[in-house]
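**Student:** Just so it is clear, I am handing over model13.cif, which has mmCIF, C-alpha atoms.
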```cif
data_final
#
loop_
_atom_site.label_atom_id
_atom_site.label_comp_id
_atom_site.auth_asym_id
_atom_site.auth_seq_id
_atom_site.Cartn_x
_atom_site.Cartn_y
_atom_site.Cartn_z
CA MET S 630 30.87 -15.85 -12.96
CA GLU S 631 28.12 -18.41 -12.42
CA ALA S 632 27.87 -17.56 -8.73
CA LEU S 633 27.76 -13.87 -9.57
CA LEU S 634 24.85 -14.41 -11.97
CA GLN S 635 23.05 -16.46 -9.33
CA GLN S 636 23.45 -13.61 -6.84
CA PHE S 637 22.23 -11.12 -9.44
CA ASP S 638 19.13 -13.29 -9.96
CA THR S 639 18.43 -13.27 -6.23
CA LEU S 640 18.93 -9.51 -6.07
CA LEU S 641 16.51 -9.02 -8.99
CA LEU S 642 13.97 -11.26 -7.25
CA TYR S 643 14.12 -9.10 -4.12
CA VAL S 644 13.80 -5.91 -6.19
CA PHE S 645 10.79 -7.22 -8.13
CA ALA S 646 9.14 -8.49 -4.93
CA ALA S 647 9.61 -5.09 -3.26
CA LEU S 648 8.27 -3.25 -6.32
CA SER S 649 5.16 -5.43 -6.61
CA LEU S 650 4.43 -5.01 -2.90
CA ALA S 651 4.90 -1.25 -3.27
CA GLY S 652 2.43 -1.24 -6.16
CA ALA S 653 -0.11 -3.16 -4.06
CA VAL S 654 0.24 -0.73 -1.14
CA ALA S 655 -0.11 2.18 -3.58
CA MET S 656 -3.45 0.67 -4.62
CA LEU S 657 -4.66 1.12 -1.05
CA VAL S 658 -3.72 4.77 -0.66
CA LEU S 659 -4.14 6.32 -4.11
CA GLN S 660 -7.32 8.30 -4.55
CA HIS S 661 -8.39 8.24 -8.18
CA PRO S 662 -9.51 4.86 -9.67
CA MET S 663 -7.33 5.45 -12.74
CA ARG S 664 -4.20 5.73 -10.56
CA VAL S 665 -5.23 2.59 -8.68
CA ALA S 666 -5.59 0.81 -12.03
CA LEU S 667 -2.10 1.93 -13.11
CA ALA S 668 -0.66 0.76 -9.76
CA LEU S 669 -2.33 -2.62 -10.33
CA VAL S 670 -0.88 -2.79 -13.86
CA ALA S 671 2.59 -2.10 -12.40
CA THR S 672 2.10 -4.82 -9.77
CA MET S 673 1.04 -7.32 -12.44
CA ILE S 674 4.03 -6.49 -14.64
CA TRP S 675 6.45 -6.97 -11.72
CA LEU S 676 4.75 -10.29 -10.91
CA GLY S 677 5.25 -11.27 -14.56
CA ALA S 678 8.94 -10.40 -14.16
CA ILE S 679 9.09 -12.68 -11.10
CA TYR S 680 7.53 -15.51 -13.15
CA GLY S 681 10.18 -14.91 -15.81
CA LEU S 682 12.94 -15.12 -13.17
CA LEU S 683 11.46 -18.39 -11.88
CA GLY S 684 11.83 -19.87 -15.39
CA VAL S 685 8.12 -20.21 -16.27
CA HIS S 686 8.31 -17.84 -19.22
CA PHE S 687 4.99 -18.84 -20.80
CA ILE S 688 3.09 -17.92 -17.63
CA ALA S 689 4.92 -14.57 -17.60
CA ALA S 690 3.83 -14.00 -21.21
CA PHE S 691 0.21 -14.90 -20.46
CA GLN S 692 0.26 -12.76 -17.31
CA ILE S 693 1.05 -9.76 -19.53
CA LEU S 694 -1.27 -10.85 -22.37
CA ILE S 695 -4.36 -11.73 -20.33
CA TYR S 696 -4.13 -9.64 -17.17
CA VAL S 697 -2.36 -6.47 -18.26
CA SER S 698 -3.67 -6.39 -21.80
CA ALA S 699 -7.20 -7.81 -21.62
CA VAL S 700 -8.50 -7.42 -18.07
CA MET S 701 -6.85 -4.12 -17.18
CA VAL S 702 -7.60 -2.49 -20.52
CA PHE S 703 -11.24 -3.40 -19.89
CA ILE S 704 -11.15 -1.82 -16.42
CA VAL S 705 -9.38 1.34 -17.63
CA PHE S 706 -11.93 1.61 -20.43
CA VAL S 707 -14.80 1.44 -17.92
CA ILE S 708 -13.16 4.04 -15.65
CA MET S 709 -13.01 6.43 -18.60
CA LEU S 710 -16.56 5.53 -19.65
CA LEU S 711 -18.11 6.40 -16.28
CA ASP S 712 -19.28 9.81 -15.18
CA VAL S 713 -16.37 12.14 -14.51
CA ARG S 714 -18.63 14.37 -12.39
CA ASP S 715 -19.03 11.59 -9.80
CA LEU S 716 -16.74 12.82 -7.04
CA SER S 717 -17.42 9.97 -4.59
CA PHE S 718 -13.82 8.76 -5.00
CA THR S 719 -12.54 11.76 -3.00
CA GLN S 720 -13.68 9.90 0.12
CA ARG S 721 -11.24 7.01 0.00
CA PHE S 722 -11.89 4.85 3.04
CA SER S 723 -14.99 3.39 4.64
CA LYS S 724 -15.70 3.24 8.37
CA LEU S 725 -13.95 -0.12 8.54
CA LEU S 726 -10.47 1.36 8.04
CA VAL S 727 -9.01 0.64 11.49
CA PRO S 728 -10.69 -2.75 12.22
CA GLY S 729 -10.01 -3.82 8.63
CA ALA S 730 -6.31 -2.95 8.92
CA ILE S 731 -6.01 -4.83 12.22
CA ALA S 732 -7.82 -7.85 10.77
CA ALA S 733 -5.61 -7.86 7.66
CA VAL S 734 -2.42 -7.79 9.77
CA VAL S 735 -3.70 -10.63 11.99
CA PHE S 736 -4.74 -12.58 8.86
CA PHE S 737 -1.27 -12.16 7.35
CA LEU S 738 0.49 -13.18 10.57
CA VAL S 739 -1.67 -16.29 11.06
CA LEU S 740 -1.11 -17.47 7.46
CA ALA S 741 2.62 -16.67 7.58
CA ARG S 742 3.01 -18.62 10.83
CA ALA S 743 1.10 -21.60 9.43
CA PHE S 744 3.28 -21.55 6.33
CA TRP S 745 6.50 -21.12 8.32
CA ARG S 746 5.82 -24.26 10.34
CA ASN S 747 5.07 -26.37 7.27
CA VAL S 748 7.94 -25.30 5.01
CA ASP S 749 10.36 -28.17 4.44
CA SER S 750 12.34 -28.03 1.20
CA PRO S 751 13.90 -25.02 -0.53
CA LEU S 752 12.83 -23.77 -3.95
CA ALA S 753 14.27 -25.84 -6.80
CA THR S 754 15.81 -23.11 -8.90
CA THR S 755 18.73 -25.24 -10.00
CA THR S 756 16.69 -27.58 -12.20
CA ALA S 757 15.60 -26.49 -15.64
CA GLY S 758 11.92 -26.72 -14.74
CA PHE S 759 9.21 -27.47 -17.25
CA GLY S 760 8.84 -25.78 -20.61
CA ILE S 761 5.75 -25.00 -22.64
CA ALA S 762 6.03 -28.32 -24.51
CA GLN S 763 5.63 -30.41 -21.36
CA PHE S 764 2.98 -28.04 -20.06
CA ALA S 765 0.94 -28.21 -23.27
CA ALA S 766 1.14 -32.01 -23.41
CA ASP S 767 0.03 -32.30 -19.78
CA PHE S 768 -2.69 -29.71 -20.25
CA LEU S 769 -4.34 -31.46 -23.17
CA GLN S 770 -3.72 -35.07 -22.13
CA THR S 771 -4.07 -35.21 -18.35
CA TYR S 772 -6.21 -32.13 -17.74
CA TRP S 773 -8.33 -32.14 -20.93
CA LEU S 774 -11.58 -32.30 -18.91
CA GLN S 775 -10.72 -29.09 -17.03
CA PHE S 776 -9.79 -27.49 -20.36
CA GLU S 777 -13.24 -28.35 -21.78
CA VAL S 778 -15.03 -27.17 -18.61
CA THR S 779 -13.17 -23.88 -19.02
CA SER S 780 -14.78 -23.32 -22.41
CA VAL S 781 -18.22 -24.01 -20.88
CA LEU S 782 -17.42 -21.47 -18.13
CA LEU S 783 -16.47 -18.82 -20.71
CA VAL S 784 -19.68 -19.39 -22.68
CA ALA S 785 -21.68 -19.17 -19.43
CA ALA S 786 -19.92 -15.89 -18.58
CA VAL S 787 -20.77 -14.39 -21.97
CA VAL S 788 -24.41 -15.50 -21.69
CA ALA S 789 -24.58 -14.08 -18.14
CA ALA S 790 -23.14 -10.74 -19.24
CA ILE S 791 -25.75 -10.49 -22.02
CA ALA S 792 -28.51 -11.56 -19.59
CA VAL S 793 -27.53 -8.81 -17.13
CA VAL S 794 -27.77 -6.17 -19.84
CA LYS S 795 -31.08 -7.58 -21.15
CA ALA S 796 -32.61 -7.66 -17.66
CA ASP S 797 -31.83 -3.97 -17.26
CA GLN S 798 -33.37 -3.13 -20.64
CA ARG S 799 -36.54 -5.01 -19.64
CA ASP S 800 -36.77 -3.13 -16.32
CA HIS S 801 -36.47 0.23 -17.99
CA GLY S 802 -38.66 -0.56 -20.97
CA MET X 905 15.73 -15.99 3.58
CA ASP X 906 15.10 -18.67 1.02
CA LYS X 907 13.49 -17.76 -2.31
CA LEU X 908 10.49 -20.02 -1.61
CA GLN X 909 9.84 -18.31 1.72
CA LEU X 910 10.26 -14.87 0.15
CA LEU X 911 7.79 -15.59 -2.66
CA MET X 912 5.22 -17.24 -0.40
CA LEU X 913 5.43 -14.34 2.04
CA LEU X 914 5.01 -11.95 -0.90
CA ALA X 915 1.94 -13.90 -2.03
CA LEU X 916 0.48 -13.79 1.49
CA ALA X 917 1.21 -10.07 1.77
CA LEU X 918 -0.38 -9.30 -1.61
CA PHE X 919 -3.44 -11.35 -0.67
CA SER X 920 -3.78 -9.53 2.67
CA VAL X 921 -3.39 -6.14 0.99
CA GLY X 922 -6.04 -7.09 -1.59
CA LEU X 923 -8.43 -8.27 1.11
CA LEU X 924 -7.80 -5.07 3.08
CA GLY X 925 -8.52 -3.06 -0.06
CA VAL X 926 -11.86 -4.80 -0.60
CA VAL X 927 -12.82 -4.07 3.01
CA ILE X 928 -11.69 -0.46 3.42
CA ARG X 929 -12.07 1.18 0.02
CA ARG X 930 -15.41 2.73 -0.92
CA ASN X 931 -15.11 2.84 -4.71
CA LEU X 932 -16.71 -0.16 -6.46
CA LEU X 933 -14.11 -0.31 -9.24
CA VAL X 934 -11.25 -0.09 -6.75
CA MET X 935 -12.80 -2.98 -4.80
CA LEU X 936 -12.94 -5.02 -8.03
CA MET X 937 -9.30 -4.25 -8.73
CA CYS X 938 -8.34 -5.35 -5.23
CA MET X 939 -10.09 -8.66 -5.95
CA GLU X 940 -7.91 -8.98 -9.04
CA LEU X 941 -4.90 -8.40 -6.80
CA MET X 942 -6.03 -11.29 -4.58
CA LEU X 943 -6.28 -13.56 -7.65
CA ASN X 944 -2.77 -12.49 -8.64
CA ALA X 945 -1.47 -13.37 -5.18
CA ALA X 946 -3.04 -16.83 -5.46
CA ASN X 947 -1.40 -17.20 -8.87
CA LEU X 948 1.99 -16.30 -7.43
CA SER X 949 1.73 -18.98 -4.75
CA LEU X 950 0.60 -21.54 -7.36
CA VAL X 951 3.53 -20.74 -9.65
CA THR X 952 5.99 -20.85 -6.73
CA LEU X 953 4.77 -24.23 -5.51
CA ALA X 954 4.60 -25.60 -9.08
CA ARG X 955 8.22 -24.53 -9.49
CA GLN X 956 9.19 -26.12 -6.18
CA THR X 957 7.66 -29.49 -6.97
CA ASP X 958 8.51 -29.28 -10.70
CA THR X 959 5.04 -30.45 -11.71
CA THR X 960 2.75 -28.85 -14.27
CA ALA X 961 -0.42 -29.13 -12.15
CA GLY X 962 0.17 -25.70 -10.56
CA ALA X 963 0.71 -24.09 -13.96
CA VAL X 964 -2.51 -25.62 -15.27
CA LEU X 965 -4.33 -24.22 -12.26
CA VAL X 966 -2.84 -20.78 -13.00
CA PHE X 967 -4.39 -20.91 -16.47
CA LEU X 968 -7.75 -21.84 -14.97
CA VAL X 969 -7.42 -18.83 -12.63
CA PHE X 970 -6.74 -16.62 -15.69
CA VAL X 971 -10.01 -17.84 -17.20
CA VAL X 972 -11.92 -17.31 -13.95
CA ALA X 973 -10.51 -13.78 -13.69
CA ALA X 974 -11.57 -12.96 -17.24
CA ALA X 975 -15.07 -14.37 -16.65
CA GLU X 976 -15.37 -12.53 -13.34
CA ILE X 977 -14.49 -9.20 -14.94
CA ALA X 978 -16.80 -9.87 -17.89
CA ILE X 979 -19.77 -10.25 -15.49
CA ALA X 980 -18.76 -7.78 -12.77
CA ILE X 981 -18.20 -4.82 -15.07
CA PRO X 982 -21.74 -4.85 -16.61
CA ILE X 983 -23.18 -5.15 -13.09
CA VAL X 984 -21.15 -2.12 -11.94
CA LEU X 985 -22.24 -0.18 -15.02
CA LEU X 986 -25.91 -0.96 -14.30
CA LEU X 987 -25.55 0.03 -10.63
CA VAL X 988 -23.97 3.33 -11.64
CA LYS X 989 -26.77 3.89 -14.15
CA ARG X 990 -29.34 3.66 -11.30
CA ARG X 991 -27.64 5.64 -8.51
CA HIS X 992 -25.09 7.73 -10.46
CA THR X 993 -22.32 6.98 -8.00
CA LEU X 994 -19.53 4.44 -7.50
CA ASP X 995 -19.66 4.74 -3.70
CA ALA X 996 -20.37 1.30 -2.21
CA ASP X 997 -22.25 2.88 0.74
CA ALA X 998 -24.96 4.10 -1.65
CA TYR X 999 -25.95 0.46 -2.19
CA ALA X 1000 -26.61 -0.41 1.47
CA ASP X 1001 -30.33 -1.10 0.97
CA LEU X 1002 -30.12 -4.62 2.38
CA LYS X 1003 -28.69 -3.35 5.68
CA GLY X 1004 -31.16 -4.00 8.48
#
```
Just dump the structure as structure tokens.

**Tutor:**
Amino acid sequence: MEALLQQFDTLLLYVFAALSLAGAVAMLVLQHPMRVALALVATMIWLGAIYGLLGVHFIAAFQILIYVSAVMVFIVFVIMLLDVRDLSFTQRFSKLLVPGAIAAVVFFLVLARAFWRNVDSPLATTTAGFGIAQFAADFLQTYWLQFEVTSVLLVAAVVAAIAVVKADQRDHG
Amino acid sequence: MDKLQLLMLLALALFSVGLLGVVIRRNLLVMLMCMELMLNAANLSLVTLARQTDTTAGAVLVFLVFVVAAAEIAIAIPIVLLLVKRRHTLDADAYADLKG
């Protein structure tokens, strides 16, 4: 029974990996930005499922909460806000389609080869891993400085967003 | 194929696809979304390696990437909105003024 469950886990991992890759490829070929956004949402949800399978449930939850809920809702909102008469999206690809595709394949092969040579130990899926308690303790005890810098970064982002809007208002009176 | 290899290859593939999307697509919002895909691929590799070494450092880094992604979108979206306000198009080729 245990071995069967283990095999089912592996099968699910392959299915989720294939689905997320399919979503990413769909992002390349779909025409309308809204469909691209929905393909990206699907990819993010499947990646969240992979995180769940790996046993890091809190990252899966935050993947859904922050990426799918906050970031993607923002992007979908902007897509709907923009001019629907702008038909520039009907021309999907730029002139760099062929060289870009070749470069991306070469990039992938080089990275995959570099990784393949350096891989040594298999993935530790047998251990329980770390839970949110250990993560939270480490986050606020060992990495508290990064946590504080994060808040400074967020404030800077908000100020920058306001500054961008103000600069435009000044230019246009 | 081992799970580690599968997930790292998936992360590499997602990153390559995202990079390809930024290069070949013309729509500004689609290019932004492809950048989000690249961040997601980096997150996947961080989570995989954090799981392999059973340390929390990778997970902490994932949270920092979440914050960077949120900040990036919060700044990039107003910039895109202002660009569209000036030229009334999302086509990236309309903003090629700096080209020599």

**Student:** With all atoms listed in the file considered, list every residue of chain S at most 7 Å from chain X, as JSON, numbers by chain.

**Tutor:** {"S": [646, 650, 653, 654, 657, 662, 665, 700, 715, 717, 718, 721, 722, 723, 725, 726, 729, 730, 733, 736, 737, 741, 751, 752, 753, 758, 759, 764, 768, 783, 786, 789, 790, 793, 794]}

**Student:** I'd like to know which of S:Met630, S:Phe687, S:Ile674, S:Leu769 is closest to Met701 in chain S, using all atoms listed in the file.

**Tutor:**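 With all atoms listed in the file as the atom set, the closest residue is S:Ile674.
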
**Student:** May I ask for the distance between CA of Leu669 in chain S and CA of Val702 in chain S, given in Å to one decimal place?

**Tutor:** 11.5 Å

**Student:** The centre and edge lengths of an axis-aligned box containing all atoms of range 763-779 of chain S present in the file, extended by 8 Å on each side, are to be given in Å to one decimal, as lines of an AutoDock Vina configuration file.

**Tutor:**
```
center_x = -4.7
center_y = -29.5
center_z = -20.2
size_x = 36.7
size_y = 27.3
size_z = 22.4
```

**Student:** Excluding Ala668 in chain S and its own-chain neighbours fewer than 3 positions away, which residues fall within 7 Å of it when counting only C-alpha atoms? Please give them as a ChimeraX atom specification.

**Tutor:** /S:652-653,655-656,664-665,671-672

**Student:** One decimal, Å: what's the distance from CA of Gln635 in chain S over to CA of Leu682 in chain S, could you say?

**Tutor:** 10.9 Å

**Student:** Counting only C-alpha atoms, what is within 6 Å of range 677-680 of chain S, bar same-chain residues fewer than 4 positions away, as an MDAnalysis selection string?

**Tutor:** chainID S and resid 685 689 692

**Student:** Would you put the residues from that selection into a file with C-alpha atoms, as a CSV table (one decimal), keeping the file's coordinate frame?

**Tutor:**
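Below is the file that was written, out-v5.csv:
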```
chain,number,residue,atom,x,y,z
S,685,VAL,CA,8.1,-20.2,-16.3
S,689,ALA,CA,4.9,-14.6,-17.6
S,692,GLN,CA,0.3,-12.8,-17.3
```

**Student:** One decimal, Å: what's the distance from CA of Val781 in chain S over to CA of Asp797 in chain S, could you say?

**Tutor:**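 Value for the CA of Val781 in chain S-CA of Asp797 in chain S distance: 24.5 Å.
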